[in-house]
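Visitor: Coordinates in protein_3.txt, compact mmCIF, C-alpha atoms, are listed below.
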# COMPACT_ATOMS: atom_id res chain seq x y z
CA MET K 1 -7.21 24.81 2.39
CA GLU K 2 -8.31 24.36 5.97
CA GLU K 3 -6.75 22.26 8.72
CA GLN K 4 -9.19 19.54 9.75
CA PHE K 5 -9.16 16.25 11.61
CA ILE K 6 -11.60 13.43 12.31
CA LEU K 7 -12.66 12.87 15.91
CA ARG K 8 -14.11 9.43 16.70
CA VAL K 9 -15.61 9.16 20.18
CA PRO K 10 -17.69 6.55 22.08
CA PRO K 11 -21.52 6.86 21.86
CA SER K 12 -21.82 8.28 25.37
CA VAL K 13 -19.37 11.06 24.56
CA SER K 14 -20.95 11.79 21.18
CA GLU K 15 -24.32 12.54 22.81
CA ARG K 16 -22.73 15.07 25.14
CA ILE K 17 -20.87 16.71 22.22
CA ASP K 18 -24.13 16.93 20.25
CA ARG K 19 -25.80 18.70 23.15
CA LEU K 20 -22.79 21.00 23.43
CA LEU K 21 -22.97 21.96 19.75
CA SER K 22 -26.75 22.24 19.63
CA GLU K 23 -28.67 25.47 20.08
CA GLU K 24 -30.10 24.28 23.39
CA ALA K 25 -26.82 24.90 25.19
CA SER K 26 -26.77 28.43 26.56
CA THR K 27 -23.01 28.82 26.62
CA SER K 28 -20.03 26.60 25.86
CA ASP K 29 -18.39 27.44 29.19
CA GLU K 30 -20.79 25.13 31.02
CA ILE K 31 -19.16 22.01 29.54
CA PRO K 32 -15.41 22.47 29.05
CA LEU K 33 -13.94 20.57 26.10
CA ASP K 34 -10.18 20.04 25.73
CA LEU K 35 -7.67 17.75 24.03
CA CYS K 36 -3.98 17.46 24.90
CA PHE K 37 -1.23 15.14 23.68
CA SER K 38 1.92 13.77 25.26
CA GLU K 39 5.45 14.32 23.98
CA ASP K 40 5.28 11.49 21.43
CA GLY K 41 2.35 13.19 19.69
CA ARG K 42 0.43 9.92 19.33
CA SER K 43 -1.26 9.42 22.70
CA GLY K 44 -3.20 11.99 24.69
CA THR K 45 -6.24 12.78 26.81
CA PHE K 46 -9.65 14.01 25.73
CA MET K 47 -11.53 15.96 28.42
CA ILE K 48 -15.21 16.81 28.42
CA GLY K 49 -16.58 18.32 31.59
CA ASN K 50 -14.86 16.64 34.52
CA GLU K 51 -14.29 13.35 32.73
CA GLU K 52 -11.11 12.27 30.96
CA PHE K 53 -10.83 9.71 28.16
CA PRO K 54 -7.66 8.26 26.57
CA ALA K 55 -7.11 9.25 22.96
CA SER K 56 -4.79 8.11 20.17
CA LEU K 57 -3.74 9.72 16.89
CA LEU K 58 -3.96 7.12 14.10
CA ASP K 59 -3.09 7.17 10.39
CA LEU K 60 -5.96 6.35 8.05
CA PRO K 61 -5.38 3.81 5.26
CA ALA K 62 -6.37 6.39 2.63
CA VAL K 63 -6.71 10.15 2.34
CA VAL K 64 -10.24 11.46 2.92
CA GLU K 65 -11.43 14.60 1.11
CA SER K 66 -13.79 16.96 2.90
CA PHE K 67 -16.19 19.36 1.19
CA LYS K 68 -18.54 22.09 2.27
CA THR K 69 -21.39 23.92 0.59
CA TYR K 70 -23.24 27.20 1.05
CA ASP K 71 -26.26 26.53 -1.18
CA ASP K 72 -26.67 22.74 -0.93
CA CYS K 73 -25.80 22.55 -4.60
CA ALA K 74 -22.15 23.39 -5.25
CA LEU K 75 -19.46 21.59 -3.25
CA VAL K 76 -16.10 23.15 -2.45
CA LYS K 77 -13.17 21.01 -1.36
CA THR K 78 -11.70 22.24 1.91
CA ALA K 79 -9.06 19.72 3.08
CA ASP K 80 -7.34 16.37 2.71
CA ILE K 81 -7.55 14.36 5.93
CA GLY K 82 -5.13 11.52 6.57
CA GLN K 83 -5.31 11.11 10.35
CA MET K 84 -7.96 10.42 12.95
CA ILE K 85 -8.15 11.02 16.71
CA MET K 86 -9.78 8.00 18.35
CA VAL K 87 -11.18 8.49 21.85
CA ARG K 88 -11.63 5.31 23.89
CA GLU K 89 -13.34 4.34 27.08
CA PRO K 90 -10.98 4.27 30.09
CA GLY K 91 -10.94 0.46 30.18
CA ASP K 92 -10.40 -0.16 26.44
CA PRO K 93 -6.91 -1.24 25.28
CA ALA K 94 -4.74 1.11 23.29
CA PRO K 95 -4.11 0.31 19.61
CA SER K 96 -0.92 -1.64 18.96
CA THR K 97 0.08 0.32 15.83
CA VAL K 98 -0.33 3.87 14.62
CA GLU K 99 -1.76 2.66 11.29
CA TYR K 100 -5.51 2.17 11.53
CA ARG K 101 -6.53 -0.96 9.62
CA HIS K 102 -10.07 0.19 8.75
CA GLY K 103 -11.43 3.15 6.83
CA LEU K 104 -14.30 5.42 7.76
CA THR K 105 -17.03 3.60 5.82
CA PRO K 106 -18.13 -0.09 5.79
CA PRO K 107 -16.66 -0.81 2.32
CA MET K 108 -13.24 0.17 3.67
CA LYS K 109 -13.31 -2.38 6.49
CA ASP K 110 -9.90 -4.04 6.89
CA ALA K 111 -8.69 -2.00 3.91
CA ARG K 112 -5.00 -2.43 4.59
CA LYS K 113 -5.27 -6.21 4.21
CA ARG K 114 -7.90 -6.50 1.45
CA ARG K 115 -7.11 -3.55 -0.81
CA PHE K 116 -3.38 -2.94 -0.45
CA ARG K 117 -0.67 -5.12 -1.93
CA ARG K 118 1.82 -6.83 0.35
CA GLU K 119 5.12 -5.17 1.09
CA PRO K 120 8.09 -6.81 -0.65
CA ASP K 121 10.26 -9.14 1.43
CA LEU K 122 13.60 -7.37 1.58
CA ASN K 123 16.76 -8.62 3.20
CA PRO K 124 17.64 -6.19 6.05
CA GLU K 125 21.36 -6.76 5.54
CA LEU K 126 21.08 -5.88 1.85
CA VAL K 127 19.13 -2.72 2.65
CA GLN K 128 21.71 -1.62 5.22
CA ARG K 129 24.59 -2.30 2.82
CA VAL K 130 22.95 -0.33 0.00
CA GLU K 131 22.16 2.53 2.38
CA LYS K 132 25.77 2.59 3.57
CA ASP K 133 27.05 2.61 -0.02
CA LEU K 134 24.74 5.50 -0.95
CA LEU K 135 25.93 7.52 2.03
CA ASN K 136 29.55 6.86 1.01
CA ILE K 137 28.83 8.01 -2.55
CA LEU K 138 27.08 11.19 -1.35
CA SER K 139 30.03 12.00 0.92
CA GLY K 140 32.46 11.66 -2.00
CA GLY K 141 33.66 8.13 -1.30
CA THR K 142 33.34 4.91 -3.24
CA ILE K 143 31.40 1.70 -2.87
CA GLU K 144 33.19 -0.63 -0.48
CA ASN K 145 31.64 -3.88 -1.64
CA ALA K 146 31.67 -3.12 -5.36
CA ASN K 147 34.24 -5.82 -6.20
CA GLU K 148 32.42 -8.43 -4.13
CA GLN K 149 29.12 -7.57 -5.78
CA GLU K 150 30.68 -7.78 -9.27
CA GLU K 151 32.15 -11.21 -8.46
CA VAL K 152 28.80 -12.45 -7.20
CA VAL K 153 27.04 -11.20 -10.35
CA ALA K 154 29.73 -12.74 -12.58
CA ASN K 155 29.45 -16.10 -10.82
CA GLU K 156 25.67 -16.07 -11.17
CA ASN K 157 25.91 -15.23 -14.89
CA ALA K 158 28.46 -18.02 -15.46
CA ARG K 159 26.29 -20.50 -13.59
CA ASP K 160 23.26 -19.54 -15.70
CA ALA K 161 25.27 -19.90 -18.90
CA ASN K 162 26.47 -23.38 -17.90
CA LYS K 163 22.93 -24.43 -17.13
CA LYS K 164 21.78 -23.29 -20.58
CA VAL K 165 24.62 -25.13 -22.36
CA SER K 166 24.07 -28.37 -20.45
CA SER K 167 20.33 -28.30 -20.94
CA SER K 168 20.41 -27.71 -24.72
CA PRO K 169 20.65 -31.02 -26.77
CA THR K 170 23.54 -31.42 -29.22
CA PRO K 171 22.37 -31.93 -32.82
CA VAL K 172 23.29 -35.20 -34.55
CA GLU K 173 24.70 -34.89 -38.06
CA LYS K 174 22.93 -37.06 -40.61
CA PRO K 175 24.76 -38.39 -43.68
CA GLU K 176 23.78 -36.73 -46.90
CA ALA K 177 21.86 -38.93 -49.32
CA PRO K 178 23.29 -39.14 -52.85
CA GLU K 179 21.35 -37.36 -55.54
CA ALA K 180 19.40 -39.38 -58.09
CA GLY K 181 21.24 -40.14 -61.34
CA THR K 182 24.71 -39.55 -59.96
CA SER K 183 27.25 -42.26 -59.40
CA ASN K 184 29.33 -42.74 -56.35
CA PRO K 185 32.64 -40.94 -56.87
CA THR K 186 34.43 -43.65 -54.93
CA GLU K 187 33.46 -46.30 -57.49
CA VAL K 188 36.11 -46.83 -60.20
CA GLU K 189 35.28 -48.19 -63.64
CA PRO K 190 37.04 -51.51 -64.44
CA GLU K 191 39.81 -51.31 -67.00
CA ARG K 192 39.10 -52.84 -70.38
CA SER K 193 41.51 -55.43 -71.71
CA GLU K 194 43.10 -55.42 -75.19
CA SER K 195 41.00 -58.35 -76.30
CA GLU K 196 37.79 -56.47 -75.69
CA ASP K 197 39.11 -53.50 -77.70
CA SER K 198 39.94 -55.74 -80.60
CA ASP K 199 36.44 -57.26 -80.58
CA ASP K 200 34.87 -53.86 -80.88
CA SER K 201 37.00 -52.91 -83.88
CA MET K 202 36.04 -56.03 -85.91
Just give me the structure as structure tokens.
Guide:
Amino acid sequence: MEEQFILRVPPSVSERIDRLLSEEASTSDEIPLDLCFSEDGRSGTFMIGNEEFPASLLDLPAVVESFKTYDDCALVKTADIGQMIMVREPGDPAPSTVEYRHGLTPPMKDARKRRFRREPDLNPELVQRVEKDLLNILSGGTIENANEQEEVVANENARDANKKVSSSPTPVEKPEAPEAGTSNPTEVEPERSESEDSDDSM
């Protein structure tokens, strides 16, 4: 794999670079070409001839693959490019972030907003607490807020359980209907008198 980068320059500078790389130029020493960066590694100066242009190192929204060919038929991958050096005119403002919002081609315009999902909204205090607990565990310690976290989780579970119980309706018991052909066990047959028994025997 080769080490490559993308150089984006203004139109006036691109014409001079084309003349420098063309066969018409007798020697490259006639037009000096240089690029140097400051200590932060993100801002620098691009020099061509006696002119200087501000430059910035930006991160592309996606990795770009580069290929080369020797016979105009077979392509060989040479590098993965994830950064771009943008050269500006002296009066142009510097980019506010190191992440370039656009890609290299028109379909990738504003790619970070249209094609990438939004970052999750995380509580900074929660992230710092989890990071501190992980560092304590790696150093052989314990979690400081483990008991507090367990209490919070237990309270949330109890609250959810109460909500479920209160929201569920209580069933109403219906009286069972007596089966057909059966008499009510609470009813008692009337006692027969002696006179009725004597009438049956006659």
Visitor: Which value, in Å to one decimal, gives the distance between atom CA of Lys68 of chain K and atom CA of Leu7 of chain K?
Guide: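 For atom CA of Lys68 of chain K relative to atom CA of Leu7 of chain K, the distance reads 17.5 Å.
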Visitor: What's the 9 Å shell around Pro90 of chain K, counting all atoms listed in the file, without same-chain residues fewer than 5 positions away, as a list in words?
Guide: Glu52, Phe53 and Pro54 of chain K
Visitor: Could you jot down the atom CA of Glu15 of chain K to atom CA of Ile48 of chain K separation for me, Å, one decimal place?
Guide: 11.5 Å
Visitor: How many Å lie between atom CA of Glu65 of chain K and atom CA of Lys77 of chain K, rounded to one decimal?
Guide: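 Atom CA of Lys77 of chain K lies 7.1 Å from atom CA of Glu65 of chain K.
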Visitor: Edge lengths and centre, in Å to one decimal, as lines of an AutoDock Vina configuration file: that's what I need for the box along x, y and z that holds all listed atoms of segment 34-43 of chain K plus 5 Å on each side.
Guide:
center_x = -2.4
center_y = 14.7
center_z = 22.5
size_x = 25.6
size_y = 20.6
size_z = 16.4
Visitor: Given only C-alpha atoms as the basis, pick out the residue of K:Ala94, K:Leu33, K:Met108, K:Ala79 nearest to Leu20 of chain K.
Guide: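 For Leu20 of chain K, the nearest of the given residues is K:Leu33.
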Visitor: I'd like to know which of K:Glu125, K:Leu60, K:Ile81, K:Met86 is closest to Glu99 of chain K, using only C-alpha atoms.
Guide: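 Once distances to Glu99 of chain K are computed over only C-alpha atoms, the minimum belongs to K:Leu60.
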Visitor: Find the residues near Arg101 of chain K: any atom within 12 Å, counting only C-alpha atoms, skip ones fewer than 4 places away on the same chain, and give them as a PyMOL selection string.
Guide: chain K and resi 58-62+84+95-97+108-116
